[in-house]
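A.B. asks: Pasting a structure here, questions to come.
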Amino acid sequence: HSLWLIVPAAGQGKRMGADKPKQYLPLGEKPILAHTLSRLHRAFPTAHLVLCLDSDDRWFKPEWVPFPQWQRVAGGAERMDSVLNALHAIKAQDNDMVMVHDVARPCITSSDLLALYDAAQQHPSGALLAMPVADTMKRANAEQLSAVTEPRDRLWHALTPQAFRYALLRRALEYAVANHCVVTDEASAVEALGQAPKLVSGRRDNLKITHPDDLALATAIMASQVAQSSE
Ligand code: CTP
Ligand code: MG
């Protein structure tokens, strides 16, 4: 295989506070997880999917997986552990491309997915979708007083997907675990090795569904993307 898609979907959705993990909540006619997988499949129909699911997951249905080639792996304590489980489970070549995408981002478009894939092929340190910061950024002191205004021109929001060669990503996440680095995305683990992944400017509507009011927002985004044929 030349492309492995890792989808961490072993979270509990605590901030959503629903009666099941947020990836199983419906958006229109199907759950968030099914939307996300169908968008990935549209862009990369021949990729191999690796889905990280909690061992106690009672909601997952294989009928939501559109990929002919896929496997399920157990989730870990943190997102990073889920992704590392996937990397250890697959039989990938060092040079294969691995793309990691949060299940909670169903509004991802084919154009962003393809742009990221191209960038990751061109940059040995990999690439991530990101969005330039629009607001003025403040650094608070311990009393929550606005102590410093950070220059905004080089600040970005990190999104997913993020894509790297297999050997680099595996080395980066193993290094992060061994050194107790707190990494919340793959790029930060790669940065800890001294490498600098490429920031690819992505769409502003690549929302990570996190809180209850994000459901209505995601529904509106997906409807407008379909109306504009961006998906
Ligand atoms: N994730 C995972 N394994 C974990 C924790 C998170 O695979 N141990 C996944 C989630 O399913 C999600 C992505 O990582 O696709 C981003 O995490 P987040 O948005 O924080 O989701 P949850 O952890 O489910 O939500 P919360 O933090 O509110 O509990
Ligand atoms: Mg979480």
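Going by the structure tokens order, chains are called A, B, ..., each with residues numbered from 1, while ligands are numbered from 1 in the order shown.
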Pick out the residues no farther than 8 Å from ligand 2, counting only C-alpha atoms and all ligand atoms, and list them as a ChimeraX atom specification.
C.D. replies: /A:11-14,78-79
A.B. asks: Give as a ChimeraX atom specification the residues surrounding ligand 1 up to a distance of 7 Å, considering only C-alpha atoms and all ligand atoms.
C.D. replies: /A:7-16,21-23,52-53,75-79,81-82,102-104,208-210
A.B. asks: From the set A:Pro212, A:Arg170, A:Leu193, A:Asp185, which residue has the shortest atom-to-atom contact distance to Gln93 of chain A, counting only C-alpha atoms?
C.D. replies: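 Of the candidates, the smallest distance to Gln93 of chain A is held by A:Arg170.
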A.B. asks: Would you work out the distance separating atom CA of Leu215 of chain A from atom CA of Ala18 of chain A, expressed in Å to one decimal?
C.D. replies: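 Here the two named atoms are 11.6 Å from each other.
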A.B. asks: Skip segment 113-130 of chain A itself and residues of its chain fewer than 3 positions away, then list as an mmCIF file with C-alpha atoms, in the first residue's frame all residues within 10 Å of it, counting only C-alpha atoms.
C.D. replies:
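Below is the file result.cif, written as the result:
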```cif
data_model
loop_
_atom_site.group_PDB
_atom_site.id
_atom_site.type_symbol
_atom_site.label_atom_id
_atom_site.label_comp_id
_atom_site.auth_asym_id
_atom_site.auth_seq_id
_atom_site.Cartn_x
_atom_site.Cartn_y
_atom_site.Cartn_z
ATOM 1 C CA LEU A 3 -1.393 5.246 1.700
ATOM 2 C CA ARG A 39 -15.365 11.764 2.858
ATOM 3 C CA LEU A 40 -11.981 10.045 3.253
ATOM 4 C CA ARG A 42 -14.199 9.690 -1.765
ATOM 5 C CA ALA A 43 -10.719 11.248 -1.907
ATOM 6 C CA PHE A 44 -8.690 8.042 -1.428
ATOM 7 C CA ASP A 96 4.616 4.538 2.912
ATOM 8 C CA MET A 97 2.479 7.615 3.525
ATOM 9 C CA VAL A 98 0.403 7.642 6.728
ATOM 10 C CA MET A 99 -2.393 10.181 7.107
ATOM 11 C CA VAL A 100 -4.080 10.653 10.504
ATOM 12 C CA HIS A 101 -7.541 12.235 10.677
ATOM 13 C CA ILE A 108 -13.187 17.604 5.636
ATOM 14 C CA THR A 109 -13.247 18.143 1.855
ATOM 15 C CA SER A 110 -11.557 16.264 -0.981
ATOM 16 C CA VAL A 133 -5.065 32.700 13.365
ATOM 17 C CA LEU A 155 0.389 31.664 14.488
ATOM 18 C CA TRP A 156 -1.717 28.873 13.032
ATOM 19 C CA HIS A 157 -4.444 26.566 14.275
ATOM 20 C CA ALA A 158 -3.373 22.932 13.782
ATOM 21 C CA LEU A 159 -6.110 20.822 12.173
ATOM 22 C CA THR A 160 -6.221 17.284 10.817
ATOM 23 C CA PRO A 161 -5.422 15.429 8.689
ATOM 24 C CA GLN A 162 -1.673 15.354 9.219
ATOM 25 C CA ALA A 163 0.507 13.165 6.993
ATOM 26 C CA PHE A 164 4.006 11.711 7.327
ATOM 27 C CA ARG A 165 6.129 8.844 6.072
ATOM 28 C CA LEU A 168 9.225 9.175 10.700
ATOM 29 C CA LEU A 169 5.816 9.179 12.392
ATOM 30 C CA ASP A 185 -1.087 16.095 17.489
ATOM 31 C CA GLU A 186 1.335 14.151 15.291
ATOM 32 C CA ALA A 187 3.147 17.299 14.142
ATOM 33 C CA VAL A 190 7.716 15.305 14.792
ATOM 34 C CA GLU A 191 8.760 18.797 15.963
ATOM 35 C CA GLY A 194 13.787 18.718 15.481
ATOM 36 C CA GLN A 195 11.866 18.460 12.206
ATOM 37 C CA ALA A 196 9.421 21.032 10.854
ATOM 38 C CA PRO A 197 6.320 19.777 9.035
ATOM 39 C CA LYS A 198 4.790 21.952 6.297
ATOM 40 C CA LEU A 199 1.701 23.990 7.225
ATOM 41 C CA VAL A 200 -0.916 23.650 4.496
ATOM 42 C CA SER A 201 -3.588 26.339 4.613
ATOM 43 C CA GLY A 202 -6.906 24.505 4.853
ATOM 44 C CA ARG A 203 -10.570 25.442 4.763
ATOM 45 C CA ARG A 204 -11.948 27.302 7.754
ATOM 46 C CA ASN A 206 -12.934 21.872 8.948
#
```
A.B. asks: So how many Å separate atom CA of Asp94 of chain A and atom CA of Arg72 of chain A, to one decimal?
C.D. replies: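 Answer for the atom CA of Asp94 of chain A to atom CA of Arg72 of chain A separation: 20.9 Å.
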A.B. asks: So which bits of segment 109-215 of chain A end up strand (DSSP E or B) when you DSSP the backbone, as a VMD selection string?
C.D. replies: chain A and resid 127 to 132 137 to 140 146 to 150 156 to 165 198 to 201
A.B. asks: Write out the residues from the selection above, keeping C-alpha atoms, as a PDB file, in the first residue's frame.
C.D. replies:
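Result file is again_13.pdb:
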```
ATOM      1  CA  ALA A 127       2.573  18.185   6.486  1.00  0.00           C
ATOM      2  CA  LEU A 128      -0.576  19.184   8.322  1.00  0.00           C
ATOM      3  CA  LEU A 129      -3.709  21.112   7.494  1.00  0.00           C
ATOM      4  CA  ALA A 130      -3.765  24.371   9.426  1.00  0.00           C
ATOM      5  CA  MET A 131      -5.509  27.722   9.498  1.00  0.00           C
ATOM      6  CA  PRO A 132      -3.907  31.139  10.092  1.00  0.00           C
ATOM      7  CA  MET A 137      -3.712  36.514  20.570  1.00  0.00           C
ATOM      8  CA  LYS A 138      -3.066  37.272  24.267  1.00  0.00           C
ATOM      9  CA  ARG A 139      -0.749  35.416  26.654  1.00  0.00           C
ATOM     10  CA  ALA A 140      -2.177  35.562  30.182  1.00  0.00           C
ATOM     11  CA  SER A 146      -3.437  40.074  29.596  1.00  0.00           C
ATOM     12  CA  ALA A 147       0.325  40.296  29.943  1.00  0.00           C
ATOM     13  CA  VAL A 148       1.535  40.031  26.355  1.00  0.00           C
ATOM     14  CA  THR A 149       0.055  40.307  22.874  1.00  0.00           C
ATOM     15  CA  GLU A 150       1.586  37.596  20.708  1.00  0.00           C
ATOM     16  CA  TRP A 156      -1.717  28.873  13.032  1.00  0.00           C
ATOM     17  CA  HIS A 157      -4.444  26.566  14.275  1.00  0.00           C
ATOM     18  CA  ALA A 158      -3.373  22.932  13.782  1.00  0.00           C
ATOM     19  CA  LEU A 159      -6.110  20.822  12.173  1.00  0.00           C
ATOM     20  CA  THR A 160      -6.221  17.284  10.817  1.00  0.00           C
ATOM     21  CA  PRO A 161      -5.422  15.429   8.689  1.00  0.00           C
ATOM     22  CA  GLN A 162      -1.673  15.354   9.219  1.00  0.00           C
ATOM     23  CA  ALA A 163       0.507  13.165   6.993  1.00  0.00           C
ATOM     24  CA  PHE A 164       4.006  11.711   7.327  1.00  0.00           C
ATOM     25  CA  ARG A 165       6.129   8.844   6.072  1.00  0.00           C
ATOM     26  CA  LYS A 198       4.790  21.952   6.297  1.00  0.00           C
ATOM     27  CA  LEU A 199       1.701  23.990   7.225  1.00  0.00           C
ATOM     28  CA  VAL A 200      -0.916  23.650   4.496  1.00  0.00           C
ATOM     29  CA  SER A 201      -3.588  26.339   4.613  1.00  0.00           C
TER      30      SER A 201
END
```
A.B. asks: When you look at Lys61 of chain A with a cut-off of 12 Å (counting only C-alpha atoms), what residues show up, excluding the ones that are within fewer than 3 positions of it in the same chain? I need them as a ChimeraX atom specification.
C.D. replies: /A:23-24,30-31,33-34,51,53,57-58,64-66,72
A.B. asks: Suppose you want the space between atom CA of Glu63 of chain A and atom CA of Ser38 of chain A; what is it in Å?
C.D. replies: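 Pair atom CA of Glu63 of chain A / atom CA of Ser38 of chain A returns 11.4 Å.
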A.B. asks: Considering only C-alpha atoms, can you say which of A:Asn85, A:Ser111, A:Ser55, A:Asn95 comes closest to Gln225 of chain A?
C.D. replies: A:Ser111
A.B. asks: Give me every alpha helix (DSSP H) residue in segment 160-189 of chain A, going by DSSP on the backbone, as a compact mmCIF listing (two decimals) with C-alpha atoms, in the first residue's frame.
C.D. replies:
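Contents of states.txt, freshly written:
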```
# COMPACT_ATOMS: atom_id res chain seq x y z
CA TYR A 166 5.56 5.76 8.24
CA ALA A 167 9.10 5.51 9.65
CA LEU A 168 9.22 9.18 10.70
CA LEU A 169 5.82 9.18 12.39
CA ARG A 170 6.50 5.96 14.26
CA ARG A 171 9.89 7.21 15.45
CA ALA A 172 8.34 10.54 16.52
CA LEU A 173 5.51 9.01 18.55
CA GLU A 174 7.79 6.41 20.15
CA TYR A 175 10.19 9.22 21.09
CA ALA A 176 7.31 11.25 22.59
CA VAL A 177 6.16 8.29 24.70
CA ALA A 178 9.70 7.46 25.87
CA GLU A 186 1.34 14.15 15.29
CA ALA A 187 3.15 17.30 14.14
CA SER A 188 4.18 18.20 17.69
CA ALA A 189 5.82 14.78 18.07
```
